[in-house]
Each structure stands twice: as structure tokens, then as C-alpha cells.
>>> print(open('work-v1.csv').read())   # CSV, C-alpha atoms
chain,number,residue,atom,x,y,z
A,29,MET,CA,-70.0,-137.7,162.8
A,30,THR,CA,-73.5,-137.5,161.3
A,31,PRO,CA,-73.5,-138.9,157.8
A,32,PRO,CA,-74.2,-136.2,155.2
A,33,ARG,CA,-77.4,-136.0,153.2
A,34,HIS,CA,-76.8,-136.4,149.4
A,35,TYR,CA,-79.1,-135.6,146.5
A,36,LEU,CA,-78.3,-138.2,143.8
A,37,GLN,CA,-81.9,-139.1,142.8
A,38,PHE,CA,-85.2,-137.5,143.2
A,39,THR,CA,-86.1,-140.3,145.6
A,40,ASP,CA,-83.5,-139.0,148.1
A,41,LEU,CA,-86.1,-136.6,149.6
A,42,ASP,CA,-89.7,-137.3,150.7
A,43,ARG,CA,-92.9,-135.4,150.0
A,44,ASP,CA,-92.7,-133.2,153.1
A,45,GLU,CA,-89.1,-132.2,152.4
A,46,TYR,CA,-90.1,-131.2,148.9
A,47,ALA,CA,-93.0,-129.2,150.2
A,48,TYR,CA,-90.4,-127.3,152.4
A,49,LEU,CA,-88.0,-126.9,149.4
A,50,PHE,CA,-90.7,-125.4,147.2
A,51,ARG,CA,-91.9,-122.9,150.0
A,52,ARG,CA,-88.3,-122.0,150.7
A,53,THR,CA,-87.4,-121.5,147.1
A,54,ALA,CA,-90.3,-119.1,146.6
A,55,LEU,CA,-89.0,-117.0,149.5
A,56,ILE,CA,-85.4,-117.1,148.3
A,57,LYS,CA,-86.5,-116.1,144.8
A,58,ARG,CA,-88.5,-113.2,146.1
A,59,LYS,CA,-85.5,-112.0,148.0
A,60,PHE,CA,-83.4,-112.3,144.9
A,61,LYS,CA,-85.9,-110.2,142.9
A,62,ARG,CA,-85.8,-107.5,145.6
A,63,TYR,CA,-82.0,-107.5,145.7
A,64,GLU,CA,-82.1,-108.6,149.3
A,65,LEU,CA,-79.0,-110.4,150.5
A,66,HIS,CA,-79.5,-114.0,151.5
A,67,GLN,CA,-76.1,-115.4,152.5
A,68,PRO,CA,-76.5,-118.3,154.9
A,69,LEU,CA,-73.5,-120.1,153.4
A,70,VAL,CA,-70.7,-117.5,154.1
A,71,ASP,CA,-67.3,-119.2,154.1
A,72,ARG,CA,-68.7,-122.4,152.6
A,73,THR,CA,-67.2,-123.8,149.4
A,74,LEU,CA,-68.8,-125.8,146.6
A,75,ALA,CA,-66.6,-128.0,144.3
A,76,MET,CA,-68.2,-128.5,140.8
A,77,ILE,CA,-66.8,-131.5,139.0
A,78,PHE,CA,-67.7,-131.7,135.3
A,79,GLU,CA,-67.1,-134.6,133.0
A,80,LYS,CA,-70.0,-133.6,130.8
A,81,HIS,CA,-70.0,-130.1,129.4
A,82,SER,CA,-72.6,-127.6,130.6
A,83,THR,CA,-74.0,-124.1,130.4
A,84,ARG,CA,-77.0,-123.9,132.8
A,85,THR,CA,-75.6,-126.3,135.4
A,86,ARG,CA,-72.3,-124.5,135.8
A,87,LEU,CA,-73.9,-121.0,135.7
A,88,SER,CA,-76.7,-121.8,138.1
A,89,PHE,CA,-74.6,-123.6,140.7
A,90,GLU,CA,-71.7,-121.1,140.5
A,91,ALA,CA,-73.9,-118.0,140.6
A,92,GLY,CA,-76.1,-119.6,143.3
A,93,MET,CA,-73.2,-120.4,145.6
A,94,HIS,CA,-71.9,-116.9,145.2
A,95,GLN,CA,-75.3,-115.4,146.0
A,96,LEU,CA,-75.5,-117.6,149.2
A,97,GLY,CA,-72.3,-116.0,150.4
A,98,GLY,CA,-70.0,-118.9,149.5
A,99,ALA,CA,-67.5,-119.8,146.8
A,100,ALA,CA,-67.6,-122.2,143.9
A,101,ILE,CA,-64.6,-124.0,142.3
A,102,TYR,CA,-64.9,-125.4,138.8
A,103,ILE,CA,-63.0,-128.6,138.0
A,104,ASN,CA,-63.0,-130.3,134.7
A,105,THR,CA,-62.0,-134.0,134.9
A,106,ARG,CA,-59.8,-133.5,131.8
A,107,ASP,CA,-57.7,-131.0,133.7
A,108,SER,CA,-57.4,-133.0,137.0
A,109,GLN,CA,-56.2,-136.4,138.2
A,110,LEU,CA,-59.7,-137.7,137.8
A,111,GLY,CA,-59.1,-137.6,134.1
A,112,ARG,CA,-55.9,-139.6,134.5
A,113,GLY,CA,-57.3,-142.5,136.3
A,114,GLU,CA,-57.4,-141.5,140.0
A,115,PRO,CA,-60.0,-143.7,141.7
A,116,ILE,CA,-63.3,-142.0,142.5
A,117,GLU,CA,-63.1,-143.2,146.0
A,118,ASP,CA,-59.7,-141.5,146.6
A,119,ALA,CA,-60.9,-138.3,145.0
A,120,ALA,CA,-64.0,-138.2,147.3
A,121,GLN,CA,-61.8,-138.6,150.4
A,122,VAL,CA,-59.7,-135.6,149.4
A,123,PHE,CA,-62.4,-133.3,148.0
A,124,SER,CA,-64.6,-133.8,151.1
A,125,ARG,CA,-61.8,-132.7,153.4
A,126,MET,CA,-61.3,-129.4,151.6
A,127,VAL,CA,-64.8,-128.3,150.6
A,128,ASP,CA,-68.3,-128.3,152.1
A,129,LEU,CA,-70.4,-129.5,149.1
A,130,VAL,CA,-69.7,-131.3,145.8
A,131,MET,CA,-71.7,-131.2,142.6
A,132,ILE,CA,-70.9,-133.7,139.9
A,133,ARG,CA,-72.1,-133.7,136.3
A,134,THR,CA,-71.0,-137.0,134.7
A,135,TYR,CA,-72.0,-140.0,132.6
A,136,GLY,CA,-72.7,-143.0,134.9
A,137,GLN,CA,-74.9,-142.8,138.0
A,138,ASP,CA,-72.5,-145.2,139.6
A,139,ILE,CA,-69.8,-142.5,139.6
A,140,VAL,CA,-71.8,-140.1,141.8
A,141,GLU,CA,-72.9,-143.0,144.0
A,142,ARG,CA,-69.3,-144.2,144.6
A,143,PHE,CA,-68.2,-140.6,145.2
A,144,ALA,CA,-71.0,-140.0,147.7
A,145,ALA,CA,-70.3,-143.3,149.5
A,146,ASN,CA,-66.7,-142.0,150.3
A,147,SER,CA,-67.6,-138.3,150.9
A,148,ARG,CA,-67.8,-136.6,154.3
A,149,VAL,CA,-69.9,-133.8,152.7
A,150,PRO,CA,-73.1,-133.7,150.7
A,151,VAL,CA,-72.9,-134.6,147.1
A,152,ILE,CA,-75.4,-133.4,144.4
A,153,ASN,CA,-76.1,-135.0,141.1
A,154,GLY,CA,-75.8,-132.3,138.5
A,155,LEU,CA,-76.7,-134.8,135.8
A,156,THR,CA,-76.0,-138.4,134.9
A,157,ASN,CA,-77.1,-140.6,132.0
A,158,GLU,CA,-79.7,-142.2,134.4
A,159,PHE,CA,-81.1,-139.2,136.3
A,160,HIS,CA,-81.4,-135.4,136.3
A,161,PRO,CA,-83.0,-134.5,139.7
A,162,CYS,CA,-82.0,-130.8,139.8
A,163,GLN,CA,-83.8,-130.1,136.5
A,164,VAL,CA,-87.0,-131.9,137.5
A,165,LEU,CA,-86.8,-130.1,140.8
A,166,ALA,CA,-86.8,-126.8,138.9
A,167,ASP,CA,-89.5,-127.9,136.5
A,168,VAL,CA,-91.9,-128.9,139.3
A,169,PHE,CA,-91.3,-125.6,141.1
A,170,THR,CA,-91.9,-123.8,137.9
A,171,TYR,CA,-95.3,-125.6,137.4
A,172,ILE,CA,-96.3,-124.8,141.0
A,173,GLU,CA,-95.3,-121.1,140.5
A,174,HIS,CA,-97.5,-120.8,137.4
A,175,ARG,CA,-100.4,-123.2,138.1
A,176,GLY,CA,-100.3,-124.3,141.7
A,177,ASP,CA,-100.0,-127.8,143.2
A,178,ILE,CA,-98.9,-130.5,140.7
A,179,ALA,CA,-100.6,-133.3,142.6
A,180,GLY,CA,-103.3,-134.9,140.5
A,181,ARG,CA,-102.1,-133.3,137.3
A,182,THR,CA,-100.8,-134.9,134.2
A,183,VAL,CA,-97.3,-134.4,132.7
A,184,ALA,CA,-96.9,-135.4,129.0
A,185,TRP,CA,-93.4,-136.4,128.1
A,186,ILE,CA,-92.8,-136.6,124.3
A,187,GLY,CA,-89.6,-138.1,122.9
A,188,ASP,CA,-86.8,-140.2,124.3
A,189,ALA,CA,-87.1,-142.2,127.5
A,190,ASN,CA,-84.0,-140.6,128.9
A,191,ASN,CA,-82.7,-139.4,132.3
A,192,MET,CA,-85.3,-136.7,132.4
A,193,LEU,CA,-88.2,-139.1,131.8
A,194,TYR,CA,-87.1,-141.5,134.5
A,195,THR,CA,-86.6,-138.6,137.0
A,196,TRP,CA,-90.1,-137.4,136.2
A,197,LEU,CA,-91.4,-140.9,137.1
A,198,GLN,CA,-89.6,-140.7,140.4
A,199,ALA,CA,-91.2,-137.3,141.1
A,200,ALA,CA,-94.6,-138.5,140.0
A,201,ALA,CA,-94.6,-141.3,142.6
A,202,ILE,CA,-93.6,-138.9,145.4
A,203,LEU,CA,-95.7,-135.9,144.5
A,204,ASP,CA,-98.7,-137.8,143.2
A,205,PHE,CA,-99.1,-136.8,139.6
A,206,ARG,CA,-99.4,-138.8,136.3
A,207,VAL,CA,-96.9,-139.1,133.5
A,208,HIS,CA,-98.0,-139.7,129.9
A,209,PHE,CA,-95.2,-140.9,127.7
A,210,SER,CA,-94.9,-141.2,123.9
A,211,GLY,CA,-91.8,-142.1,122.0
A,212,PRO,CA,-90.9,-144.3,119.0
A,213,PRO,CA,-90.1,-148.0,119.1
A,214,GLY,CA,-86.6,-148.5,120.5
A,215,TYR,CA,-86.7,-145.4,122.7
A,216,ARG,CA,-89.5,-146.3,125.0
A,217,VAL,CA,-89.7,-146.8,128.8
A,218,ASP,CA,-87.8,-149.8,130.1
A,219,LEU,CA,-89.6,-150.9,133.2
A,220,GLN,CA,-86.8,-153.2,134.2
A,221,ARG,CA,-83.8,-151.1,133.1
A,222,ALA,CA,-80.5,-152.4,134.5
A,223,ASP,CA,-79.6,-151.2,138.0
A,224,TYR,CA,-82.5,-148.8,138.2
A,225,PRO,CA,-85.8,-150.6,137.5
A,226,LEU,CA,-89.0,-148.6,138.1
A,227,SER,CA,-90.7,-149.2,141.4
A,228,ALA,CA,-94.3,-150.3,141.5
A,229,ALA,CA,-95.3,-146.8,142.6
A,230,GLN,CA,-93.5,-145.2,139.7
A,231,ALA,CA,-94.9,-147.6,137.1
A,232,ALA,CA,-98.4,-147.0,138.5
A,233,GLN,CA,-98.1,-143.3,137.6
A,234,LEU,CA,-97.2,-144.0,133.9
A,235,ARG,CA,-99.3,-144.4,130.8
A,236,SER,CA,-97.6,-145.0,127.5
A,237,PHE,CA,-99.0,-144.0,124.1
A,238,ASP,CA,-98.0,-144.8,120.5
A,239,ASP,CA,-99.5,-141.5,119.3
A,240,PRO,CA,-97.9,-138.4,120.9
A,241,ARG,CA,-101.1,-136.4,120.3
A,242,GLU,CA,-103.0,-138.9,122.5
A,243,ALA,CA,-100.3,-138.5,125.2
A,244,CYS,CA,-100.9,-134.8,125.2
A,245,ALA,CA,-104.7,-135.0,125.5
A,246,GLY,CA,-105.7,-133.3,128.7
A,247,ALA,CA,-102.2,-132.8,129.9
A,248,HIS,CA,-101.4,-129.9,132.2
A,249,LEU,CA,-97.7,-129.8,131.4
A,250,VAL,CA,-96.2,-130.8,128.0
A,251,THR,CA,-92.4,-131.3,128.0
A,252,THR,CA,-89.7,-132.7,125.8
A,253,ASP,CA,-85.9,-132.8,125.4
A,254,VAL,CA,-83.4,-133.0,122.5
A,255,TRP,CA,-83.6,-136.3,120.6
A,256,THR,CA,-79.9,-136.9,120.9
A,257,SER,CA,-78.5,-136.4,124.4
A,258,MET,CA,-74.8,-135.8,125.2
A,259,GLY,CA,-72.9,-139.0,124.8
A,260,TYR,CA,-75.2,-140.4,122.1
A,261,GLU,CA,-73.9,-138.3,119.2
A,262,ALA,CA,-73.0,-141.4,117.1
A,263,GLU,CA,-76.7,-142.2,117.0
A,264,ASN,CA,-77.8,-138.8,115.8
A,265,ALA,CA,-78.8,-139.7,112.2
A,266,ALA,CA,-80.8,-142.8,113.4
A,267,ARG,CA,-82.5,-140.8,116.1
A,268,LEU,CA,-83.5,-138.0,113.7
A,269,ALA,CA,-85.2,-140.6,111.5
A,270,ALA,CA,-86.9,-142.5,114.3
A,271,PHE,CA,-88.3,-139.4,116.0
A,272,GLN,CA,-90.1,-138.0,113.0
A,273,GLY,CA,-93.6,-137.2,114.0
A,274,PHE,CA,-92.7,-136.6,117.6
A,275,MET,CA,-92.0,-132.8,117.4
A,276,VAL,CA,-94.2,-130.9,119.9
A,277,ASP,CA,-96.1,-128.5,117.7
A,278,ALA,CA,-99.2,-126.3,118.0
A,279,PRO,CA,-101.7,-129.0,117.0
A,280,MET,CA,-100.2,-131.3,119.7
A,281,MET,CA,-100.4,-128.5,122.3
A,282,ALA,CA,-104.0,-127.9,121.3
A,283,ARG,CA,-104.8,-131.4,122.6
A,284,ALA,CA,-103.5,-130.5,126.1
A,285,ALA,CA,-105.6,-128.7,128.8
A,286,PRO,CA,-106.4,-125.1,127.9
A,287,ASP,CA,-104.1,-123.8,130.6
A,288,ALA,CA,-101.3,-126.3,129.9
A,289,VAL,CA,-97.7,-125.0,130.0
A,290,PHE,CA,-94.8,-126.1,127.8
A,291,MET,CA,-91.3,-126.9,129.3
A,292,HIS,CA,-87.9,-127.8,127.8
A,293,CYS,CA,-84.7,-128.3,129.9
A,294,LEU,CA,-82.7,-126.7,127.1
A,295,PRO,CA,-80.7,-126.4,124.8
A,296,ALA,CA,-83.5,-126.7,122.3
A,297,HIS,CA,-83.5,-127.5,118.6
A,298,ARG,CA,-86.4,-125.6,117.0
A,299,GLY,CA,-87.8,-127.6,114.2
A,300,GLU,CA,-86.7,-130.9,115.6
A,301,GLU,CA,-88.1,-131.9,119.0
A,302,VAL,CA,-90.2,-128.6,119.4
A,303,ALA,CA,-91.7,-126.1,116.9
A,304,ALA,CA,-90.6,-122.5,117.3
A,305,GLU,CA,-94.3,-121.5,117.6
A,306,VAL,CA,-94.5,-123.6,120.8
A,307,ILE,CA,-91.2,-122.8,122.6
A,308,ASP,CA,-91.5,-119.1,121.7
A,309,GLY,CA,-95.3,-119.1,122.2
A,310,ALA,CA,-97.6,-118.0,125.0
A,311,GLN,CA,-97.8,-121.3,126.8
A,312,SER,CA,-94.0,-121.7,127.0
A,313,VAL,CA,-92.4,-121.1,130.4
A,314,VAL,CA,-88.9,-122.3,129.5
A,315,TRP,CA,-87.2,-119.1,130.5
A,316,ASP,CA,-88.7,-119.1,134.0
A,317,GLU,CA,-87.9,-122.8,134.1
A,318,ALA,CA,-84.2,-122.1,133.2
A,319,GLU,CA,-84.0,-119.3,135.8
A,320,ASN,CA,-85.5,-121.5,138.5
A,321,ARG,CA,-82.5,-123.9,138.3
A,322,LEU,CA,-80.7,-121.1,140.2
A,323,HIS,CA,-83.3,-120.7,142.9
A,324,VAL,CA,-84.1,-124.4,143.6
A,325,GLN,CA,-80.4,-125.3,143.7
A,326,LYS,CA,-79.7,-122.5,146.2
A,327,THR,CA,-82.5,-123.9,148.4
A,328,LEU,CA,-81.1,-127.4,148.0
A,329,MET,CA,-77.6,-126.5,148.9
A,330,GLU,CA,-78.8,-124.5,151.9
A,331,PHE,CA,-81.0,-127.5,153.0
A,332,LEU,CA,-78.2,-130.1,152.6
A,333,LEU,CA,-75.8,-128.0,154.7
A,334,LEU,CA,-78.2,-126.4,157.3
A,335,GLY,CA,-81.4,-128.4,157.3
A,336,GLN,CA,-84.8,-126.9,157.4
A,337,LEU,CA,-84.8,-123.2,158.4
A,338,ALA,CA,-87.6,-120.9,159.7
A,339,ASP,CA,-88.8,-118.4,157.1
>>> encode(input="work-v1.csv", output="C-alpha cells")
Amino acid sequence: MTPPRHYLQFTDLDRDEYAYLFRRTALIKRKFKRYELHQPLVDRTLAMIFEKHSTRTRLSFEAGMHQLGGAAIYINTRDSQLGRGEPIEDAAQVFSRMVDLVMIRTYGQDIVERFAANSRVPVINGLTNEFHPCQVLADVFTYIEHRGDIAGRTVAWIGDANNMLYTWLQAAAILDFRVHFSGPPGYRVDLQRADYPLSAAQAAQLRSFDDPREACAGAHLVTTDVWTSMGYEAENAARLAAFQGFMVDAPMMARAAPDAVFMHCLPAHRGEEVAAEVIDGAQSVVWDEAENRLHVQKTLMEFLLLGQLAD
């Protein structure tokens, strides 16, 4: 039996495979817009396991699997034996004998890795504390869709060095673009973070700045995220104080390249990490970005189950 391909980190695919995914996503999205059926996964089933709540992840995966001709089953760990102490390894053995794909949105990266190690079917990381590969996949596709190849460009990340930032650094090393980072002391990039230190190639694509305006200078894409991610709610007051001065506003965007775009993985807090004039302004592509989660994940599921297909 051929081992399944998993998508647990952005590093699980190479540059050529991403080039295929982006081409294929453009085709699948065009077909979607023309109301043309595209159902290569008829009679296939996706299990969606949620330990962390979600809007966009559930909607995009569930709608996407339906549009591909398959079925999606929603499972919340609180309502299953996973929430009552069943070993991840045992659950993986059972799930992977009943479905064709598994998507997991959880806290620790080790959970998706342990599940994948015991699964007979592909496993997709829908988000962990460490990485968010599906979101960055959508973000890169959105940039390509609006501005062309991202190679050689600069992405400015303003805010917390969280799962999104570390995934952007993985993408930068593979797709050959730069990342400018700016965040307050205590929330900056950890080059040697436990279990998932940056590779030399990832670190080489990174420049850090104390001043977020300097990080945005000349950037082609400016992006941020909420200051308090899910699971860190107890730190909210401290984070709100620490991140003062790091809101992406119009003067900050004015330092970026003239054709720069703004992205946010949502949900957004206007007046905190981003000004309303930016997220609702002409440079914002957040709604295309949100929609593209649907399209890139459809392509990803098709790829993991069927491999590369001819257009």
C-alpha cells in the first residue's frame, strides 16, 4: 500500500507542486464562476475534526468537498471519544478505514502529526498553534491572481510572530520571496523555537524591524492577524497594550509599494490590528483571499487523492 501524502506544513510540497496547485486552482475557480460541474471526488468522504472553533475553515472545506462531488462529516472533539481521552493513534486507525480524507483543526502540531503517522488516508492541517498552511496557500494564490508571480517580492507581516508568520517563512523559502517582520518585544520571531526551529533557508528570507513603518517600506503585500489568537485569550489585556503602534493604517500602507495589496486571514478587529480605512479600502483583497480558501483547498484535496491531473 502506497503511503498517503499529507499536508501538515507548507514544506510538505515542493516548488513545482505548488506551481501545479496554483495553475489548477485558477482552472477550478474559473469553472466555479461559470457554474460548471467539477466533481472528481464523487463517492469520496472528508472527515473534519475540530478542536478549535472555526467559520472559514469549516465552510470552505465542507462546501469544497460537496462541490467536488463528495461528502463532508463534521466532528467536534467535545462530542466524540476524542474529547474523552481516546488516543489519537487509535482514532486515526478508525477514521482512516471509514473516510478518504481527514482535516484537523486543533491546538498542537504534534496532534496532526501523530494522527497522520497512523492514518491510511491523507491528513490536512486546518490550523494548529504552530502552522496554518491552507491559509498561506490561499494568500499566495490571491497575490498571484492580483499581481502575478510572488517570487522576488516582499511580504510585510505586522504583529505577532504566530502560526501564520512561521508558515509565511516556510513559503518564502520555497517560493523565493522575502518576509519583513515587525512586532513588539516579547512577540518577535524565535529562530530556535522548540520542535520547529527555522531552517537556514527560511531565516535567510527574513528581515526584522523594530518600526512597522520600516517593515512596510517597499513591500508588495502587507498582512497582519488578530493580536490575540485563539487559545491565548488570557493574555488579551497584555497583548492590547504591547501592540499599540502596530495597527496597519493608511500611513503605514503608504510606505509600501504603490501597487501593494493588503491581506488579513480574518476575523478582523477594526481599530486594533488594522484600520477600517485599510481593510475596507482599495488596496484590500481580503474578500478574494477568504473566497480563495475554498478554491485552493478543493485543488489540494483533489491533488492529495488523485495526484496531478491534466487540465
>>> atom_distance(input="work-v1.csv", atom1="atom CA of A:Ala54", atom2="atom CA of A:Phe290")
20.6 Å
>>> closest_residue(input="work-v1.csv", among="A:His66, A:His292, A:Arg125, A:Lys80", to="A:Thr105", atoms="only C-alpha atoms")
A:Lys80
>>> atom_distance(input="work-v1.csv", atom1="atom CA of A:Pro240", atom2="atom CA of A:Arg283")
10.0 Å
>>> closest_residue(input="work-v1.csv", among="A:Gln311, A:Asn190, A:Gln37, A:Ser124", to="A:Tyr215", atoms="all atoms listed in the file")
A:Asn190
>>> residues_around(input="work-v1.csv", residues="A:Tyr260", least_positions_apart="5", cutoff="12 Å", atoms="all atoms listed in the file", output="list in words")
Tyr135, Asn157, Asp188, Asn190, Val254, Trp255, Ala265, Ala266 and Arg267 of chain A
>>> closest_residue(input="work-v1.csv", among="A:Val164, A:Ala318, A:Ala144, A:Met275", to="A:Pro212", atoms="all atoms listed in the file")
A:Met275
>>> closest_residue(input="work-v1.csv", among="A:Leu328, A:Ala119, A:Ala47, A:Met131", to="A:Ala75", atoms="all atoms listed in the file")
A:Met131
>>> closest_residue(input="work-v1.csv", among="A:Thr182, A:Gln95, A:Thr156, A:Ser147", to="A:Glu64", atoms="only C-alpha atoms")
A:Gln95
>>> residues_around(input="work-v1.csv", residues="A:Ala200", least_positions_apart="6", cutoff="8 Å", atoms="only C-alpha atoms", output="ChimeraX atom specification")
/A:206-207,230,233
>>> atom_distance(input="work-v1.csv", atom1="atom CA of A:Leu41", atom2="atom CA of A:Leu165")
11.0 Å
>>> closest_residue(input="work-v1.csv", among="A:Phe169, A:Asn191, A:Val151, A:Gln109", to="A:Tyr48", atoms="all atoms listed in the file")
A:Phe169
>>> residues_around(input="work-v1.csv", residues="A:Thr85", least_positions_apart="2", cutoff="12 Å", atoms="all atoms listed in the file", output="CSV table (one decimal) with C-alpha atoms, keeping the file's coordinate frame")
chain,number,residue,atom,x,y,z
A,76,MET,CA,-68.2,-128.5,140.8
A,77,ILE,CA,-66.8,-131.5,139.0
A,78,PHE,CA,-67.7,-131.7,135.3
A,80,LYS,CA,-70.0,-133.6,130.8
A,81,HIS,CA,-70.0,-130.1,129.4
A,82,SER,CA,-72.6,-127.6,130.6
A,83,THR,CA,-74.0,-124.1,130.4
A,87,LEU,CA,-73.9,-121.0,135.7
A,88,SER,CA,-76.7,-121.8,138.1
A,89,PHE,CA,-74.6,-123.6,140.7
A,90,GLU,CA,-71.7,-121.1,140.5
A,91,ALA,CA,-73.9,-118.0,140.6
A,92,GLY,CA,-76.1,-119.6,143.3
A,102,TYR,CA,-64.9,-125.4,138.8
A,131,MET,CA,-71.7,-131.2,142.6
A,132,ILE,CA,-70.9,-133.7,139.9
A,133,ARG,CA,-72.1,-133.7,136.3
A,134,THR,CA,-71.0,-137.0,134.7
A,152,ILE,CA,-75.4,-133.4,144.4
A,153,ASN,CA,-76.1,-135.0,141.1
A,154,GLY,CA,-75.8,-132.3,138.5
A,155,LEU,CA,-76.7,-134.8,135.8
A,160,HIS,CA,-81.4,-135.4,136.3
A,161,PRO,CA,-83.0,-134.5,139.7
A,162,CYS,CA,-82.0,-130.8,139.8
A,163,GLN,CA,-83.8,-130.1,136.5
A,166,ALA,CA,-86.8,-126.8,138.9
A,293,CYS,CA,-84.7,-128.3,129.9
A,294,LEU,CA,-82.7,-126.7,127.1
A,295,PRO,CA,-80.7,-126.4,124.8
A,318,ALA,CA,-84.2,-122.1,133.2
A,319,GLU,CA,-84.0,-119.3,135.8
A,320,ASN,CA,-85.5,-121.5,138.5
A,321,ARG,CA,-82.5,-123.9,138.3
A,322,LEU,CA,-80.7,-121.1,140.2
A,324,VAL,CA,-84.1,-124.4,143.6
A,325,GLN,CA,-80.4,-125.3,143.7
>>> residues_around(input="work-v1.csv", residues="A:Phe209", least_positions_apart="4", cutoff="7 Å", atoms="all atoms listed in the file", output="PyMOL selection string")
chain A and resi 184-186+235-237+243
>>> residues_around(input="work-v1.csv", residues="A:Val168", least_positions_apart="6", cutoff="12 Å", atoms="all atoms listed in the file", output="VMD selection string")
chain A and resid 38 46 to 47 49 to 50 53 161 to 162 174 to 179 181 to 183 195 to 196 199 to 200 202 to 205 248 to 249 251 289 291 293 313 316 to 318 320 to 321 324
